[in-house]
Amino acid sequence: MNKTLLVLAVVITVAYPCAQAQQPEQTDHAIDTVVVSGSRAQSWLSETPQAIGVVNAKTLERDKPKTMGDILNRIAGVYWNDLGNEQHSMSIRQPIGTNAVYQYLEDGIPIRPLGVFNHNSLNEMNMAGASGVEVVKGAASSLYGSNAVGGAVNFLTAGASATPTAKVGVRRDGVAGFTRYDTSASDTWGPLGLRFSHYSSRRSRDNWQEYSYGDKDSFSLRADYALSPTSQLRATIVHTDLDAAMTGSLFENDYRNNRGKSLNTFTYRKDKTTRMNLAWEGATTANGTSTVTVFTRKNDHGQIPAYSIGSCAGMLCKGVINNNHVDSLGLDVKHQQEFAWLRSRLIAGVYVDKSDNPFVSDNLSIVRDAATGRYLRYSLANASNPQGVRDYQTDILNTAVFAQWEFSPLPGTRVVLGGRSDAIRYDYHNHLAPGGSVNYGAPDESRSFSHVSPKLGATYAIGPAGSAYANVSQGFTPPEVSQLYGKTGIADLQPSVYNNYELGLRWAFLQGRLKLDTALYRLDGRDTIVSYTVSPGNSENRNAGRTRSEGLELGLNYDSGPFDARFATAIARHRYLRYQVSATLDYSGRAMPQAPRDITSIEIGYKPVAGARIALEAVHQGRYWMNNANTVEYKGHALLNVRASYQLARGLEAWAQVRNLADKRYADSASSSYAGTGSYAANTQNQYTPGAPRSVMLGLGYTFNAL
């Protein structure tokens with residue numbers, strides 16, 4: 001890391017006089033674009049002291065993403081990991097994982113309440129209703145509160161068009177058995193603008209992978225109404241209905257020899273989610289604007305998770321069926337005040353989120369086929385195994401105040417000082433009788449947490465073409481409801497805290513045609529919650545871990561004439577500084593599993609004629625350890641993808657996408673349960689989520705615009 005820091009310092013030193021010589025009279029920053037996620041208000045990227053990746057509406061329209069991964073993975077240091085049917089895990093300054101270290105937002109409002117994080121939350125989004133996405137990398141709890149540790153992913157909803165506009169599109173991938181339809185309509189009538197967007201996808205049972213069907217419907221409706229020249233209302237509603245098989249993973253031999261196999265025949269995930277926001281924004285003081293947002297959520301998540309099947313004895317295994325429900329009502333109030341003194345700005349506000357979270361869980365007895373290893377059928381098993389039966393409700397209250405002051409003490413500089421104070425309360429109510437010979441969880445209780453998350457950052461304009469920044473910030477994540485109340489006893493847990501240190505450089509070369517965005521970071525975690533084995537078969541959650549993640553993120557974008565190119569890479573190292581999981585097993589000092597050495601993508605595009613584009617993309621994922629003991633390794637992979645599109649006529653476009661062009665066998669996820677001691681059995685301890693073979697997607701879309 002010291003060598004990397006030296007290289008970054010040399011780049012800044014060398015580039016500074018070059019930029020001064022290139023554009024001595026230019027006054028506007030060549031790298032600038034407007035972002036909203038770094039300060040919860042419109043800001044110039046050049047004056048934002050934090051790494052932010054942006055994918056705009058133009059790119060979304062051009063590339064026709066199939067999944068959220070197609071959107072996010074073009075950002076250096078961001079990796080959306082495909083687990084099938086829009087189920088996913090994530091990596092932003094953390095290993096690929098499912099931990100509650102990210103905040104997922106829509107127009108700045110969290111799509112989930114704290115304490116009920118789910119790594120699949122982005123399947124609740126409507127891609128057809130988004131105008132872009134911004135990813136704040138690193139700790140962002142000073143603005144967005146809990147879980148914004150590795151980063152915050154903010155989807156921006158698309159507003160109404162000024163004139164009548166309508167779109168319809170269809171795409172089909174025969175190998176994946178995937179069909180998707182997109183429709184939207186938009187117009188403005190005087191002060192009122194409306195936009196409707198619908199996304200519908202179907203994955204049939206007849207495709208390369210057994211038991212992998214998936215149906216999703218999602219629609220968005222956004223209304224904007226101008227009350228006056230200085231105030232407006234915005235209302236949005238987003239509803240998503242997902243019914244998908246949970247294919248699960250394969251053991252070593254099946255992954256090597258039959259990647260389309262599924263061990264599961266009945267596991268599923270069914271999500272129904274609705275979010276509604278009503279926001280008023282207007283001038284309330286001289287040079288001041290206030291925003292008041294009232295929001296509500298209603299989420300219902302039912303599943304038989306593939307990952308819960310285990311503890312097999314002969315042909316009988318254990319599993320779980322559960323339902324996790326959320327009802328939320330919240331308020332977000334923000335005020336932005338501009339001052340002439342030091343060109344300063346104050347952004348401050350309050351946040352209140354009250355959520356009811358009932359949860360039920362029952363045990364399953366599962367029959368496994370001896371010849372194939374497939375799980376064939378299940379029945380309720382509460383009488384023989386009552387320990388896992390749960391029926392409780394947790395009432396969650398999160399209140400917060402936040403403030404951020406921005407000012408320019410010297411020409412070309414911008415300093416940002418901010419913080420947020422969060423208070424969290426869980427009221428737990430067990431609907432079953434705890435205690436006795438049959439234990440159904442813990443007794444009723446109330447528990448509170450609080451945390452203050454500070455941030456200090458500064459930017460410096462290195463001439464008109466570049467900007468350097470430094471940032472020190474903190475993120476935190478409180479114990480999840482499931483970590484506290486998912487077992488018989490209540491663990492004595494505190495929030496995990498992460499300190500983020502960051503240096504960055506943004507630069508424009510060749511009169512702005514080539515843009516560089518790079519950051520060097522360290523993210524230190526303490527009081528990380530780990531599962532500690534007290535005795536064989538008896539484990540509990542403890543604040544017993546310390547971690548360190550550090551790396552270099554580098555993004556390059558080029559666009560000129562018929563050629564465009566993109567390069568994004570993250571070179572990282574993730575380690576356990578302290579991680580003792582039992583009295584005899586200690587992983588301190590080891591690399592964290594599922595932490596690739598690098599994640600890199602390169603794309604080169606060419607426009608041979610007007611209205612046509614073809615692009616070749618290469619994706620590389622470096623090797624990583626599959627287990628905590630660092631004894632089983634996934635070798636990584638490299639894939640090639642091709643995209644092509646052509647405007648057949650005004651408003652009519654055809655496109656094609658070829659994925660995994662070389663038809664490589666690879667894994668979207670690879671893990672091993674081998675603890676590093678005792679006998680090692682690859683075919684029972686190693687598990688892989690197989691990646692898709694070569695497939696071709698064809699699409700056709702039509703856009704009507706009254707202009």
# chains A, B, ... in the order shown; residues from 1 in each chain; ligands from 1
>>> residues_around(residues="Asn207 (chain A)", least_positions_apart="2", cutoff="10 Å", atoms="only C-alpha atoms", output="ChimeraX atom specification")
/A:173-178,203-205,209-213,260
>>> write_last_selection(atoms="all heavy atoms", output="tab-separated table (two decimals), in the first residue's frame")
chain	number	residue	atom	x	y	z
A	173	ASP	N	-33.46	-14.28	-24.51
A	173	ASP	CA	-32.25	-15.08	-24.43
A	173	ASP	C	-32.69	-16.54	-24.34
A	173	ASP	O	-33.18	-16.98	-23.31
A	173	ASP	CB	-31.42	-14.68	-23.22
A	173	ASP	CG	-30.10	-15.41	-23.12
A	173	ASP	OD1	-30.00	-16.55	-23.62
A	173	ASP	OD2	-29.15	-14.86	-22.53
A	174	GLY	N	-32.52	-17.29	-25.43
A	174	GLY	CA	-33.01	-18.66	-25.48
A	174	GLY	C	-32.27	-19.60	-24.56
A	174	GLY	O	-32.87	-20.48	-23.93
A	175	VAL	N	-30.95	-19.47	-24.45
A	175	VAL	CA	-30.17	-20.36	-23.60
A	175	VAL	C	-30.56	-20.19	-22.14
A	175	VAL	O	-30.71	-21.16	-21.39
A	175	VAL	CB	-28.66	-20.10	-23.79
A	175	VAL	CG1	-27.84	-20.90	-22.77
A	175	VAL	CG2	-28.24	-20.47	-25.21
A	176	ALA	N	-30.75	-18.95	-21.72
A	176	ALA	CA	-31.15	-18.67	-20.33
A	176	ALA	C	-32.65	-18.82	-20.12
A	176	ALA	O	-33.12	-18.75	-18.98
A	176	ALA	CB	-30.72	-17.27	-19.93
A	177	GLY	N	-33.42	-19.00	-21.20
A	177	GLY	CA	-34.87	-19.08	-21.08
A	177	GLY	C	-35.48	-17.79	-20.58
A	177	GLY	O	-36.51	-17.80	-19.90
A	178	PHE	N	-34.87	-16.67	-20.93
A	178	PHE	CA	-35.20	-15.37	-20.35
A	178	PHE	C	-35.90	-14.48	-21.37
A	178	PHE	O	-35.40	-14.30	-22.49
A	178	PHE	CB	-33.93	-14.69	-19.85
A	178	PHE	CG	-34.13	-13.33	-19.24
A	178	PHE	CD1	-34.52	-13.20	-17.92
A	178	PHE	CD2	-33.93	-12.18	-19.99
A	178	PHE	CE1	-34.69	-11.95	-17.35
A	178	PHE	CE2	-34.10	-10.92	-19.43
A	178	PHE	CZ	-34.49	-10.81	-18.10
A	203	ARG	N	-38.36	-16.13	-16.64
A	203	ARG	CA	-37.35	-17.14	-16.93
A	203	ARG	C	-38.02	-18.50	-16.84
A	203	ARG	O	-38.51	-18.89	-15.77
A	203	ARG	CB	-36.18	-17.06	-15.95
A	203	ARG	CG	-35.02	-17.97	-16.35
A	203	ARG	CD	-33.85	-17.89	-15.40
A	203	ARG	NE	-32.74	-18.69	-15.89
A	203	ARG	CZ	-31.65	-18.98	-15.18
A	203	ARG	NH1	-31.52	-18.50	-13.95
A	203	ARG	NH2	-30.69	-19.72	-15.69
A	204	SER	N	-38.06	-19.19	-17.95
A	204	SER	CA	-38.79	-20.45	-18.03
A	204	SER	C	-38.01	-21.57	-17.35
A	204	SER	O	-36.82	-21.45	-17.06
A	204	SER	CB	-39.06	-20.81	-19.49
A	204	SER	OG	-37.84	-21.11	-20.15
A	205	ARG	N	-38.69	-22.68	-17.13
A	205	ARG	CA	-38.03	-23.86	-16.56
A	205	ARG	C	-37.16	-24.57	-17.59
A	205	ARG	O	-36.33	-25.41	-17.24
A	205	ARG	CB	-39.08	-24.82	-15.99
A	205	ARG	CG	-39.88	-24.21	-14.85
A	205	ARG	CD	-41.00	-25.13	-14.40
A	205	ARG	NE	-41.81	-24.51	-13.35
A	205	ARG	CZ	-41.58	-24.63	-12.05
A	205	ARG	NH1	-40.56	-25.35	-11.63
A	205	ARG	NH2	-42.37	-24.05	-11.16
A	209	GLN	N	-30.12	-24.38	-17.00
A	209	GLN	CA	-29.99	-24.74	-15.59
A	209	GLN	C	-31.29	-25.31	-15.06
A	209	GLN	O	-32.36	-24.73	-15.23
A	209	GLN	CB	-29.60	-23.50	-14.79
A	209	GLN	CG	-29.20	-23.77	-13.36
A	209	GLN	CD	-28.72	-22.50	-12.67
A	209	GLN	OE1	-29.17	-21.40	-12.99
A	209	GLN	NE2	-27.80	-22.65	-11.73
A	210	GLU	N	-31.21	-26.45	-14.42
A	210	GLU	CA	-32.40	-27.07	-13.84
A	210	GLU	C	-32.96	-26.21	-12.71
A	210	GLU	O	-32.22	-25.53	-12.00
A	210	GLU	CB	-32.05	-28.45	-13.27
A	210	GLU	CG	-31.57	-29.45	-14.29
A	210	GLU	CD	-31.10	-30.75	-13.65
A	210	GLU	OE1	-30.98	-30.80	-12.41
A	210	GLU	OE2	-30.85	-31.70	-14.40
A	211	TYR	N	-34.26	-26.27	-12.55
A	211	TYR	CA	-34.96	-25.62	-11.46
A	211	TYR	C	-34.44	-24.20	-11.23
A	211	TYR	O	-33.84	-23.87	-10.20
A	211	TYR	CB	-34.84	-26.42	-10.16
A	211	TYR	CG	-35.77	-25.89	-9.09
A	211	TYR	CD1	-37.14	-26.06	-9.21
A	211	TYR	CD2	-35.29	-25.21	-7.99
A	211	TYR	CE1	-38.01	-25.55	-8.25
A	211	TYR	CE2	-36.14	-24.69	-7.02
A	211	TYR	CZ	-37.50	-24.86	-7.16
A	211	TYR	OH	-38.35	-24.35	-6.23
A	212	SER	N	-34.71	-23.35	-12.24
A	212	SER	CA	-34.21	-21.97	-12.15
A	212	SER	C	-35.22	-20.96	-12.69
A	212	SER	O	-34.84	-19.89	-13.14
A	212	SER	CB	-32.89	-21.84	-12.92
A	212	SER	OG	-33.06	-22.24	-14.27
A	213	TYR	N	-36.51	-21.30	-12.61
A	213	TYR	CA	-37.52	-20.38	-13.11
A	213	TYR	C	-37.51	-19.08	-12.30
A	213	TYR	O	-37.05	-19.04	-11.15
A	213	TYR	CB	-38.91	-21.02	-13.02
A	213	TYR	CG	-39.46	-21.08	-11.61
A	213	TYR	CD1	-40.20	-20.03	-11.07
A	213	TYR	CD2	-39.22	-22.19	-10.80
A	213	TYR	CE1	-40.68	-20.07	-9.77
A	213	TYR	CE2	-39.70	-22.25	-9.50
A	213	TYR	CZ	-40.43	-21.18	-8.99
A	213	TYR	OH	-40.90	-21.23	-7.70
A	260	GLY	N	-25.14	-27.45	-15.13
A	260	GLY	CA	-26.56	-27.11	-15.23
A	260	GLY	C	-27.44	-27.83	-14.24
A	260	GLY	O	-28.66	-27.62	-14.21
>>> residues_around(residues="Leu316 (chain A)", least_positions_apart="4", cutoff="12 Å", atoms="only C-alpha atoms", output="JSON, numbers by chain")
{"A": [309, 310, 311, 312, 364, 365, 366, 367, 368, 369, 370, 373, 374, 375, 376, 377, 378, 379, 381]}
>>> write_last_selection(atoms="all heavy atoms", output="compact mmCIF listing (two decimals), in the first residue's frame")
# COMPACT_ATOMS: atom_id res chain seq x y z
N ILE A 309 -30.41 -25.53 3.88
CA ILE A 309 -30.47 -27.00 3.87
C ILE A 309 -29.10 -27.56 4.26
O ILE A 309 -28.07 -27.19 3.69
CB ILE A 309 -30.89 -27.52 2.48
CG1 ILE A 309 -32.28 -26.99 2.13
CG2 ILE A 309 -30.86 -29.04 2.45
CD1 ILE A 309 -32.76 -27.39 0.76
N GLY A 310 -29.09 -28.44 5.24
CA GLY A 310 -27.83 -29.02 5.71
C GLY A 310 -28.08 -29.96 6.86
O GLY A 310 -29.20 -30.45 7.07
N SER A 311 -27.03 -30.23 7.63
CA SER A 311 -27.09 -31.15 8.78
C SER A 311 -27.73 -32.47 8.37
O SER A 311 -28.68 -32.95 9.00
CB SER A 311 -27.87 -30.52 9.94
OG SER A 311 -27.25 -29.31 10.35
N CYS A 312 -27.21 -33.05 7.28
CA CYS A 312 -27.79 -34.28 6.74
C CYS A 312 -27.30 -35.50 7.52
O CYS A 312 -26.12 -35.59 7.89
CB CYS A 312 -27.43 -34.44 5.27
SG CYS A 312 -28.12 -33.13 4.21
N LEU A 364 -38.00 -27.76 8.73
CA LEU A 364 -38.38 -28.72 7.71
C LEU A 364 -37.53 -29.98 7.84
O LEU A 364 -36.35 -29.92 8.18
CB LEU A 364 -38.19 -28.14 6.31
CG LEU A 364 -38.96 -26.87 5.96
CD1 LEU A 364 -38.62 -26.42 4.54
CD2 LEU A 364 -40.46 -27.08 6.11
N SER A 365 -38.16 -31.10 7.53
CA SER A 365 -37.44 -32.36 7.36
C SER A 365 -37.42 -32.65 5.87
O SER A 365 -38.48 -32.70 5.22
CB SER A 365 -38.15 -33.49 8.12
OG SER A 365 -37.49 -34.73 7.90
N ILE A 366 -36.25 -32.83 5.31
CA ILE A 366 -36.08 -32.90 3.86
C ILE A 366 -35.52 -34.26 3.47
O ILE A 366 -34.56 -34.76 4.09
CB ILE A 366 -35.14 -31.77 3.38
CG1 ILE A 366 -35.80 -30.42 3.65
CG2 ILE A 366 -34.78 -31.92 1.91
CD1 ILE A 366 -34.89 -29.23 3.45
N VAL A 367 -36.09 -34.84 2.44
CA VAL A 367 -35.65 -36.14 1.93
C VAL A 367 -34.72 -35.92 0.75
O VAL A 367 -35.05 -35.19 -0.18
CB VAL A 367 -36.85 -37.01 1.50
CG1 VAL A 367 -36.37 -38.33 0.89
CG2 VAL A 367 -37.76 -37.27 2.69
N ARG A 368 -33.57 -36.56 0.81
CA ARG A 368 -32.56 -36.44 -0.25
C ARG A 368 -32.47 -37.75 -1.03
O ARG A 368 -32.56 -38.84 -0.47
CB ARG A 368 -31.20 -36.10 0.36
CG ARG A 368 -30.09 -35.93 -0.66
CD ARG A 368 -28.83 -35.38 -0.03
NE ARG A 368 -28.30 -36.25 1.00
CZ ARG A 368 -27.09 -36.09 1.57
NH1 ARG A 368 -26.32 -35.08 1.21
NH2 ARG A 368 -26.68 -36.93 2.51
N ASP A 369 -32.27 -37.63 -2.35
CA ASP A 369 -32.12 -38.80 -3.21
C ASP A 369 -30.69 -39.33 -3.09
O ASP A 369 -29.72 -38.58 -3.24
CB ASP A 369 -32.42 -38.44 -4.66
CG ASP A 369 -32.29 -39.63 -5.59
OD1 ASP A 369 -33.11 -40.55 -5.49
OD2 ASP A 369 -31.33 -39.64 -6.41
N ALA A 370 -30.56 -40.63 -2.86
CA ALA A 370 -29.24 -41.22 -2.63
C ALA A 370 -28.37 -41.18 -3.86
O ALA A 370 -27.16 -40.95 -3.78
CB ALA A 370 -29.40 -42.67 -2.14
N GLY A 373 -28.23 -36.95 -5.07
CA GLY A 373 -28.01 -35.93 -4.06
C GLY A 373 -29.06 -34.84 -4.05
O GLY A 373 -28.97 -33.90 -3.26
N ARG A 374 -30.09 -34.94 -4.92
CA ARG A 374 -31.12 -33.89 -4.98
C ARG A 374 -32.04 -33.96 -3.76
O ARG A 374 -32.35 -35.03 -3.24
CB ARG A 374 -31.94 -34.04 -6.27
CG ARG A 374 -31.21 -33.66 -7.53
CD ARG A 374 -32.15 -33.69 -8.73
NE ARG A 374 -31.51 -33.20 -9.93
CZ ARG A 374 -30.84 -33.98 -10.80
NH1 ARG A 374 -30.73 -35.28 -10.55
NH2 ARG A 374 -30.28 -33.46 -11.86
N TYR A 375 -32.49 -32.79 -3.36
CA TYR A 375 -33.46 -32.68 -2.28
C TYR A 375 -34.86 -32.78 -2.90
O TYR A 375 -35.26 -31.91 -3.68
CB TYR A 375 -33.27 -31.37 -1.53
CG TYR A 375 -31.84 -31.17 -1.08
CD1 TYR A 375 -31.04 -30.18 -1.64
CD2 TYR A 375 -31.27 -32.00 -0.11
CE1 TYR A 375 -29.72 -30.00 -1.24
CE2 TYR A 375 -29.95 -31.82 0.30
CZ TYR A 375 -29.18 -30.83 -0.28
OH TYR A 375 -27.87 -30.67 0.11
N LEU A 376 -35.59 -33.82 -2.57
CA LEU A 376 -36.81 -34.18 -3.31
C LEU A 376 -38.08 -33.58 -2.73
O LEU A 376 -38.93 -33.10 -3.46
CB LEU A 376 -36.95 -35.70 -3.36
CG LEU A 376 -35.79 -36.46 -4.01
CD1 LEU A 376 -36.06 -37.96 -3.97
CD2 LEU A 376 -35.58 -35.99 -5.45
N ARG A 377 -38.25 -33.62 -1.43
CA ARG A 377 -39.50 -33.17 -0.82
C ARG A 377 -39.24 -32.81 0.64
O ARG A 377 -38.19 -33.14 1.19
CB ARG A 377 -40.58 -34.26 -0.93
CG ARG A 377 -40.21 -35.57 -0.29
CD ARG A 377 -41.24 -36.66 -0.57
NE ARG A 377 -40.87 -37.94 0.03
CZ ARG A 377 -40.09 -38.83 -0.56
NH1 ARG A 377 -39.59 -38.58 -1.76
NH2 ARG A 377 -39.79 -39.97 0.06
N TYR A 378 -40.24 -32.16 1.23
CA TYR A 378 -40.06 -31.71 2.61
C TYR A 378 -41.37 -31.83 3.36
O TYR A 378 -42.46 -31.90 2.78
CB TYR A 378 -39.56 -30.27 2.64
CG TYR A 378 -40.55 -29.24 2.12
CD1 TYR A 378 -41.47 -28.63 2.98
CD2 TYR A 378 -40.57 -28.90 0.77
CE1 TYR A 378 -42.37 -27.70 2.51
CE2 TYR A 378 -41.48 -27.96 0.29
CZ TYR A 378 -42.37 -27.36 1.16
OH TYR A 378 -43.28 -26.45 0.69
N SER A 379 -41.27 -31.82 4.68
CA SER A 379 -42.43 -31.78 5.57
C SER A 379 -42.03 -31.01 6.81
O SER A 379 -40.84 -30.86 7.13
CB SER A 379 -42.88 -33.20 5.94
OG SER A 379 -41.83 -33.90 6.59
N ALA A 381 -41.20 -30.23 10.56
CA ALA A 381 -40.49 -31.09 11.51
C ALA A 381 -40.42 -30.46 12.89
O ALA A 381 -39.46 -30.68 13.62
CB ALA A 381 -39.08 -31.37 11.00
>>> atom_distance(atom1="CA of Asn430 (chain A)", atom2="CA of Tyr392 (chain A)")
4.4 Å
>>> closest_residue(among="A:Gly108, A:Gly512, A:Gly489, A:Gly701", to="Thr183 (chain A)", atoms="only C-alpha atoms")
A:Gly701
>>> residues_around(residues="region 67-73 of chain A", least_positions_apart="4", cutoff="8 Å", atoms="only C-alpha atoms", output="PyMOL selection string")
chain A and resi 55+60+78-82+86+122+127
>>> write_last_selection(atoms="N, CA and C atoms", output="mmCIF file, in the first residue's frame")
data_model
loop_
_atom_site.group_PDB
_atom_site.id
_atom_site.type_symbol
_atom_site.label_atom_id
_atom_site.label_comp_id
_atom_site.auth_asym_id
_atom_site.auth_seq_id
_atom_site.Cartn_x
_atom_site.Cartn_y
_atom_site.Cartn_z
ATOM 1 N N VAL A 55 -23.490 6.206 -13.159
ATOM 2 C CA VAL A 55 -23.975 5.668 -14.428
ATOM 3 C C VAL A 55 -25.220 6.466 -14.779
ATOM 4 N N LEU A 60 -27.457 3.941 -19.643
ATOM 5 C CA LEU A 60 -28.497 2.924 -19.464
ATOM 6 C C LEU A 60 -29.256 2.687 -20.767
ATOM 7 N N VAL A 78 -16.787 -1.610 -7.634
ATOM 8 C CA VAL A 78 -18.154 -2.050 -7.334
ATOM 9 C C VAL A 78 -18.399 -3.360 -8.065
ATOM 10 N N TYR A 79 -18.849 -4.379 -7.333
ATOM 11 C CA TYR A 79 -19.114 -5.673 -7.956
ATOM 12 C C TYR A 79 -20.404 -6.260 -7.403
ATOM 13 N N TRP A 80 -21.376 -6.369 -8.277
ATOM 14 C CA TRP A 80 -22.667 -7.022 -7.993
ATOM 15 C C TRP A 80 -22.532 -8.473 -8.415
ATOM 16 N N ASN A 81 -22.673 -9.397 -7.477
ATOM 17 C CA ASN A 81 -22.418 -10.812 -7.735
ATOM 18 C C ASN A 81 -23.725 -11.552 -7.992
ATOM 19 N N ASP A 82 -23.853 -12.175 -9.164
ATOM 20 C CA ASP A 82 -25.096 -12.785 -9.616
ATOM 21 C C ASP A 82 -25.319 -14.135 -8.940
ATOM 22 N N GLU A 86 -31.936 -12.307 -10.232
ATOM 23 C CA GLU A 86 -31.722 -11.018 -9.569
ATOM 24 C C GLU A 86 -31.398 -11.144 -8.083
ATOM 25 N N LEU A 122 -31.713 -5.274 -3.907
ATOM 26 C CA LEU A 122 -31.798 -4.575 -5.190
ATOM 27 C C LEU A 122 -32.733 -5.262 -6.171
ATOM 28 N N MET A 127 -35.676 -1.330 -12.858
ATOM 29 C CA MET A 127 -34.648 -0.761 -13.724
ATOM 30 C C MET A 127 -35.240 0.150 -14.787
#
>>> closest_atom_pairs(of="region 163-239 of chain A", to="region 270-279 of chain A", cutoff="6 Å", atoms="only C-alpha atoms", output="JSON lines")
{"residue": "A:Leu233", "atom": "CA", "partner": "A:Ala279", "partner_atom": "CA", "distance": 5.7}
{"residue": "A:Arg234", "atom": "CA", "partner": "A:Ala279", "partner_atom": "CA", "distance": 5.1}
{"residue": "A:Ala235", "atom": "CA", "partner": "A:Leu278", "partner_atom": "CA", "distance": 4.4}
{"residue": "A:Thr236", "atom": "CA", "partner": "A:Asn277", "partner_atom": "CA", "distance": 5.3}
{"residue": "A:Ile237", "atom": "CA", "partner": "A:Met276", "partner_atom": "CA", "distance": 4.4}
{"residue": "A:Val238", "atom": "CA", "partner": "A:Arg275", "partner_atom": "CA", "distance": 5.3}
{"residue": "A:His239", "atom": "CA", "partner": "A:Thr274", "partner_atom": "CA", "distance": 4.4}
>>> write_last_selection(atoms="all heavy atoms", output="compact mmCIF listing (two decimals), in the first residue's frame")
# COMPACT_ATOMS: atom_id res chain seq x y z
N LEU A 233 -44.09 19.56 -5.65
CA LEU A 233 -44.38 18.27 -5.03
C LEU A 233 -43.87 17.16 -5.93
O LEU A 233 -43.95 17.26 -7.17
CB LEU A 233 -45.88 18.10 -4.80
CG LEU A 233 -46.54 18.83 -3.64
CD1 LEU A 233 -48.05 18.62 -3.70
CD2 LEU A 233 -46.00 18.34 -2.30
N ARG A 234 -43.39 16.07 -5.32
CA ARG A 234 -43.02 14.87 -6.07
C ARG A 234 -43.57 13.66 -5.35
O ARG A 234 -43.36 13.51 -4.13
CB ARG A 234 -41.50 14.74 -6.22
CG ARG A 234 -41.09 13.54 -7.07
CD ARG A 234 -39.59 13.31 -7.10
NE ARG A 234 -39.11 12.78 -5.83
CZ ARG A 234 -38.30 13.40 -5.00
NH1 ARG A 234 -37.87 14.63 -5.29
NH2 ARG A 234 -37.91 12.85 -3.87
N ALA A 235 -44.26 12.81 -6.06
CA ALA A 235 -44.80 11.58 -5.48
C ALA A 235 -44.35 10.40 -6.32
O ALA A 235 -44.38 10.45 -7.55
CB ALA A 235 -46.32 11.64 -5.41
N THR A 236 -43.91 9.34 -5.66
CA THR A 236 -43.51 8.12 -6.37
C THR A 236 -44.12 6.91 -5.68
O THR A 236 -44.28 6.88 -4.45
CB THR A 236 -41.99 7.95 -6.40
OG1 THR A 236 -41.49 7.86 -5.07
CG2 THR A 236 -41.31 9.12 -7.11
N ILE A 237 -44.44 5.92 -6.48
CA ILE A 237 -44.85 4.62 -5.97
C ILE A 237 -44.15 3.56 -6.81
O ILE A 237 -44.11 3.65 -8.04
CB ILE A 237 -46.39 4.43 -6.01
CG1 ILE A 237 -46.76 3.04 -5.49
CG2 ILE A 237 -46.95 4.67 -7.39
CD1 ILE A 237 -48.25 2.84 -5.27
N VAL A 238 -43.56 2.59 -6.14
CA VAL A 238 -42.85 1.50 -6.80
C VAL A 238 -43.36 0.20 -6.20
O VAL A 238 -43.32 0.02 -4.97
CB VAL A 238 -41.32 1.60 -6.62
CG1 VAL A 238 -40.62 0.46 -7.34
CG2 VAL A 238 -40.80 2.94 -7.11
N HIS A 239 -43.82 -0.70 -7.05
CA HIS A 239 -44.29 -2.01 -6.59
C HIS A 239 -43.57 -3.10 -7.37
O HIS A 239 -43.46 -3.02 -8.60
CB HIS A 239 -45.80 -2.17 -6.77
CG HIS A 239 -46.29 -3.53 -6.38
ND1 HIS A 239 -46.49 -3.90 -5.07
CD2 HIS A 239 -46.58 -4.63 -7.14
CE1 HIS A 239 -46.91 -5.15 -5.04
NE2 HIS A 239 -46.97 -5.62 -6.27
>>> residues_around(residues="Asn123 (chain A)", least_positions_apart="2", cutoff="8 Å", atoms="only C-alpha atoms", output="MDAnalysis selection string")
chainID A and resid 86:87 120:121 125
>>> write_last_selection(atoms="C-alpha atoms", output="compact mmCIF listing (two decimals), in the first residue's frame")
# COMPACT_ATOMS: atom_id res chain seq x y z
CA GLU A 86 -31.72 -11.02 -9.57
CA GLN A 87 -30.62 -12.55 -6.26
CA ASN A 120 -31.00 -9.32 -2.27
CA SER A 121 -32.61 -5.92 -1.73
CA MET A 125 -35.82 -2.00 -7.86
